[in-house]
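In what follows, a structure is listed as structure tokens, so that the remarks can point back to it.
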Amino acid sequence: MFRPLRRNRQALPQEECEDILKRGETCVLALAGDDGYPYAVPVNYCYTDGKIYIHCAVEGHKMDAVRRDPKASLTVIDCAKVLPEEHSTHYRSVIAFGRMRILGEEEKLKAIEAFSLRFSPQLSLEERSRVIARWQPALAVLEFTPEHIAGKQSKSFL
């Protein structure tokens, strides 16, 4: 169902793909948008226990798209440096295909806590709880379950 990597010599092992998902800072989420147009948007995310969590507003383009069609893909770029003298780019990235799900309140709280630990590990438990309580009513959390993950690196890594 999913295409094999054409340049399989540049493929990353699954363990390295997971490492990139764990340490990446931003990903681009792609959904089926309005009127058949693709909708690709950069998002903050958290990868834990084999799932990717994305927070967003309770209403909006992402939520409408997920309700309409749960299929999605996302890309995390680990590094990308243009090499002008070589007319090339030094890069490493991961793409994943899977399905989205809107989390219920209890699951949402666990995901928000994971976000807080990932992005603000220096906060005390009390401070983290206060921040989460402030933002939780305005947030929705989407869970992405990967069905296929592939990573690729430029020849400059070989």
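Residue numbering restarts at 1 in every chain; chains get A, B, ... in the order shown in the structure tokens, and ligands count up from 1 in that same order.
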
What are the closest atom pairs, with distances in Å to one decimal, for each residue of stretch 16-61 of chain A lying within 8 Å of stretch 90-110 of chain A, using only C-alpha atoms, rows by chain and rising residue number, as a Markdown table?
```
| residue | atom | partner | partner_atom | distance |
| --- | --- | --- | --- | --- |
| A:Cys17 | CA | A:Val94 | CA | 6.1 |
| A:Ile20 | CA | A:Val94 | CA | 7.3 |
| A:Leu21 | CA | A:Val94 | CA | 7.5 |
```

Output for the residues just chosen: C-alpha atoms as a PDB file, in the first residue's frame:
```
ATOM      1  CA  CYS A  17      13.435   7.319  12.410  1.00  0.00           C
ATOM      2  CA  ILE A  20      14.257  11.771  14.908  1.00  0.00           C
ATOM      3  CA  LEU A  21      10.577  11.738  15.871  1.00  0.00           C
TER       4      LEU A  21
END
```

Would you list the contacts of A:Glu86 as a list in words, taking every protein, DNA or RNA residue within 12 Å and counting only C-alpha atoms, but skipping same-chain residues closer than 4 positions in sequence?
Lys81, Val82, His90, Lys155 and Ser156 of chain A

Those in chain A with strand (DSSP E) from DSSP, as a ChimeraX atom specification
/A:27-32,38-43,45-48,51-57,71-83,88-102,139-153

Choose the residue, out of A:Glu16, A:Tyr45, A:Glu147, A:Ala30, that has the smallest atom-to-atom separation from A:Asp69; count only C-alpha atoms.
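Closest candidate: A:Ala30.
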
I want to know what sits within 9 Å of stretch 2-11 of chain A, based on only C-alpha atoms, with residues of the same chain fewer than 2 positions away left out; could you give that as a PyMOL selection string?
chain A and resi 13+97+148+150-155+157-158

Keeping only C-alpha atoms, write the selected residues as a short mmCIF file (atom, residue, chain, number, x, y, z; two decimals), in the first residue's frame.
```cif
data_model
loop_
_atom_site.label_atom_id
_atom_site.label_comp_id
_atom_site.auth_asym_id
_atom_site.auth_seq_id
_atom_site.Cartn_x
_atom_site.Cartn_y
_atom_site.Cartn_z
CA PRO A 13 16.72 2.37 9.93
CA PHE A 97 1.47 8.00 7.10
CA HIS A 148 4.04 3.50 7.84
CA ALA A 150 10.17 5.96 6.46
CA GLY A 151 13.28 8.06 6.81
CA LYS A 152 15.80 9.26 4.29
CA GLN A 153 19.14 11.00 4.38
CA SER A 154 21.23 12.74 1.78
CA LYS A 155 24.19 11.05 0.17
CA PHE A 157 25.64 11.25 5.31
CA LEU A 158 26.80 8.04 3.63
#
```

Fewer than 2 positions away in the same chain doesn't count, so skip those; otherwise give me all residues within 12 Å of A:Val66, counting only C-alpha atoms, as a VMD selection string.
chain A and resid 29 to 34 39 54 56 58 to 64 68 to 73 98 to 103 140 to 144

Smallest atom-to-atom distance to A:Ala114: which of A:Cys27, A:Ile52, A:Ala40, A:Met1, using only C-alpha atoms?
A:Ile52

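The shell of residues at most 12 Å from A:Phe119, with only C-alpha atoms counted and near chain neighbours (fewer than 4 positions) removed, consists of Lys22, Arg23, Gly24, Glu25, Thr26, Asn44, Tyr45, Cys46, Tyr47, Ile112, Glu113, Ala114, Phe115, Leu123 and Arg128 of chain A.
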
Restricting it to N, CA and C atoms, dump the selection as a tab-separated table (two decimals), in the first residue's frame.
```
chain	number	residue	atom	x	y	z
A	22	LYS	N	11.43	11.55	18.14
A	22	LYS	CA	11.53	11.91	19.56
A	22	LYS	C	12.17	13.28	19.76
A	23	ARG	N	13.20	13.58	18.99
A	23	ARG	CA	13.96	14.81	19.24
A	23	ARG	C	13.56	15.99	18.34
A	24	GLY	N	12.80	15.72	17.30
A	24	GLY	CA	12.42	16.78	16.38
A	24	GLY	C	11.69	17.90	17.07
A	25	GLU	N	11.76	19.08	16.48
A	25	GLU	CA	11.13	20.24	17.11
A	25	GLU	C	9.82	20.64	16.44
A	26	THR	N	9.74	20.51	15.15
A	26	THR	CA	8.53	20.89	14.43
A	26	THR	C	8.28	19.87	13.33
A	44	ASN	N	3.56	22.01	16.39
A	44	ASN	CA	4.34	21.43	17.49
A	44	ASN	C	3.76	20.05	17.73
A	45	TYR	N	4.60	19.14	18.17
A	45	TYR	CA	4.13	17.79	18.38
A	45	TYR	C	4.91	17.15	19.51
A	46	CYS	N	4.40	16.02	19.94
A	46	CYS	CA	5.05	15.22	20.98
A	46	CYS	C	4.95	13.77	20.55
A	47	TYR	N	6.06	13.04	20.57
A	47	TYR	CA	6.08	11.64	20.18
A	47	TYR	C	6.30	10.81	21.44
A	112	ILE	N	-1.36	16.50	27.05
A	112	ILE	CA	-0.90	17.85	27.40
A	112	ILE	C	0.23	17.78	28.42
A	113	GLU	N	0.14	16.86	29.36
A	113	GLU	CA	1.23	16.67	30.34
A	113	GLU	C	2.51	16.23	29.63
A	114	ALA	N	2.38	15.36	28.63
A	114	ALA	CA	3.56	14.92	27.87
A	114	ALA	C	4.17	16.10	27.11
A	115	PHE	N	3.33	16.97	26.53
A	115	PHE	CA	3.83	18.18	25.88
A	115	PHE	C	4.59	19.05	26.87
A	123	LEU	N	9.83	23.16	34.60
A	123	LEU	CA	8.71	23.59	35.45
A	123	LEU	C	8.49	22.62	36.60
A	128	ARG	N	3.52	23.40	36.41
A	128	ARG	CA	3.02	22.67	35.23
A	128	ARG	C	1.50	22.49	35.34
```

Interatomic distance (Å, one decimal) between atom CA of A:Ile149 and atom CA of A:Glu18:
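Separation between atom CA of A:Ile149 and atom CA of A:Glu18: 8.8 Å.
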
Point-to-point distance from atom CA of A:Ala138 to atom CA of A:Glu126, Å rounded to tenths
20.0 Å

Quick one, how far is atom CA of A:Asp35 from atom CA of A:Lys51?
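Between atom CA of A:Asp35 and atom CA of A:Lys51 the gap is 28.6 Å.
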
Hey, what does DSSP flag as alpha helix (DSSP H) within chain A? Can you give it to me as a PyMOL selection string?
chain A and resi 14-23+61-68+105-119+125-135

Go ahead and save the picked residues with C-alpha atoms, as a PDB file, in the first residue's frame.
```pdb
ATOM      1  CA  GLN A  14      13.450   2.418  11.910  1.00  0.00           C
ATOM      2  CA  GLU A  15      15.312   3.068  15.190  1.00  0.00           C
ATOM      3  CA  GLU A  16      16.832   6.230  13.731  1.00  0.00           C
ATOM      4  CA  CYS A  17      13.435   7.319  12.410  1.00  0.00           C
ATOM      5  CA  GLU A  18      12.047   6.995  15.938  1.00  0.00           C
ATOM      6  CA  ASP A  19      14.981   8.952  17.366  1.00  0.00           C
ATOM      7  CA  ILE A  20      14.257  11.771  14.908  1.00  0.00           C
ATOM      8  CA  LEU A  21      10.577  11.738  15.871  1.00  0.00           C
ATOM      9  CA  LYS A  22      11.525  11.912  19.561  1.00  0.00           C
ATOM     10  CA  ARG A  23      13.957  14.814  19.243  1.00  0.00           C
ATOM     11  CA  HIS A  61      -9.190  23.887   9.766  1.00  0.00           C
ATOM     12  CA  LYS A  62      -7.296  20.957  11.339  1.00  0.00           C
ATOM     13  CA  MET A  63     -10.294  19.774  13.342  1.00  0.00           C
ATOM     14  CA  ASP A  64     -12.634  20.074  10.341  1.00  0.00           C
ATOM     15  CA  ALA A  65     -10.194  18.147   8.144  1.00  0.00           C
ATOM     16  CA  VAL A  66      -9.724  15.333  10.694  1.00  0.00           C
ATOM     17  CA  ARG A  67     -13.476  15.000  11.178  1.00  0.00           C
ATOM     18  CA  ARG A  68     -13.907  14.746   7.390  1.00  0.00           C
ATOM     19  CA  GLU A 105     -10.828  14.830  27.901  1.00  0.00           C
ATOM     20  CA  GLU A 106      -8.968  12.249  30.016  1.00  0.00           C
ATOM     21  CA  GLU A 107      -6.640  11.230  27.185  1.00  0.00           C
ATOM     22  CA  LYS A 108      -6.164  14.886  26.258  1.00  0.00           C
ATOM     23  CA  LEU A 109      -4.879  15.693  29.758  1.00  0.00           C
ATOM     24  CA  LYS A 110      -2.224  12.947  29.548  1.00  0.00           C
ATOM     25  CA  ALA A 111      -1.078  14.241  26.154  1.00  0.00           C
ATOM     26  CA  ILE A 112      -0.904  17.848  27.397  1.00  0.00           C
ATOM     27  CA  GLU A 113       1.227  16.671  30.335  1.00  0.00           C
ATOM     28  CA  ALA A 114       3.558  14.925  27.866  1.00  0.00           C
ATOM     29  CA  PHE A 115       3.828  18.185  25.876  1.00  0.00           C
ATOM     30  CA  SER A 116       4.624  20.108  29.042  1.00  0.00           C
ATOM     31  CA  LEU A 117       7.330  17.652  30.071  1.00  0.00           C
ATOM     32  CA  ARG A 118       8.835  17.753  26.596  1.00  0.00           C
ATOM     33  CA  PHE A 119       8.844  21.504  26.029  1.00  0.00           C
ATOM     34  CA  LEU A 125       4.801  19.969  39.120  1.00  0.00           C
ATOM     35  CA  GLU A 126       2.761  22.775  40.692  1.00  0.00           C
ATOM     36  CA  GLU A 127       3.646  25.271  37.960  1.00  0.00           C
ATOM     37  CA  ARG A 128       3.021  22.673  35.230  1.00  0.00           C
ATOM     38  CA  SER A 129      -0.411  21.878  36.695  1.00  0.00           C
ATOM     39  CA  ARG A 130      -1.306  25.587  36.821  1.00  0.00           C
ATOM     40  CA  VAL A 131      -0.323  26.150  33.176  1.00  0.00           C
ATOM     41  CA  ILE A 132      -2.163  23.026  32.016  1.00  0.00           C
ATOM     42  CA  ALA A 133      -5.326  24.024  33.891  1.00  0.00           C
ATOM     43  CA  ARG A 134      -5.194  27.451  32.244  1.00  0.00           C
ATOM     44  CA  TRP A 135      -4.857  26.152  28.674  1.00  0.00           C
TER      45      TRP A 135
END
```

Closest to A:Thr145 among A:Ala57, A:Gly50, A:Val28, A:Ala80, using only C-alpha atoms?
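Closest to A:Thr145 of all the choices is A:Gly50.
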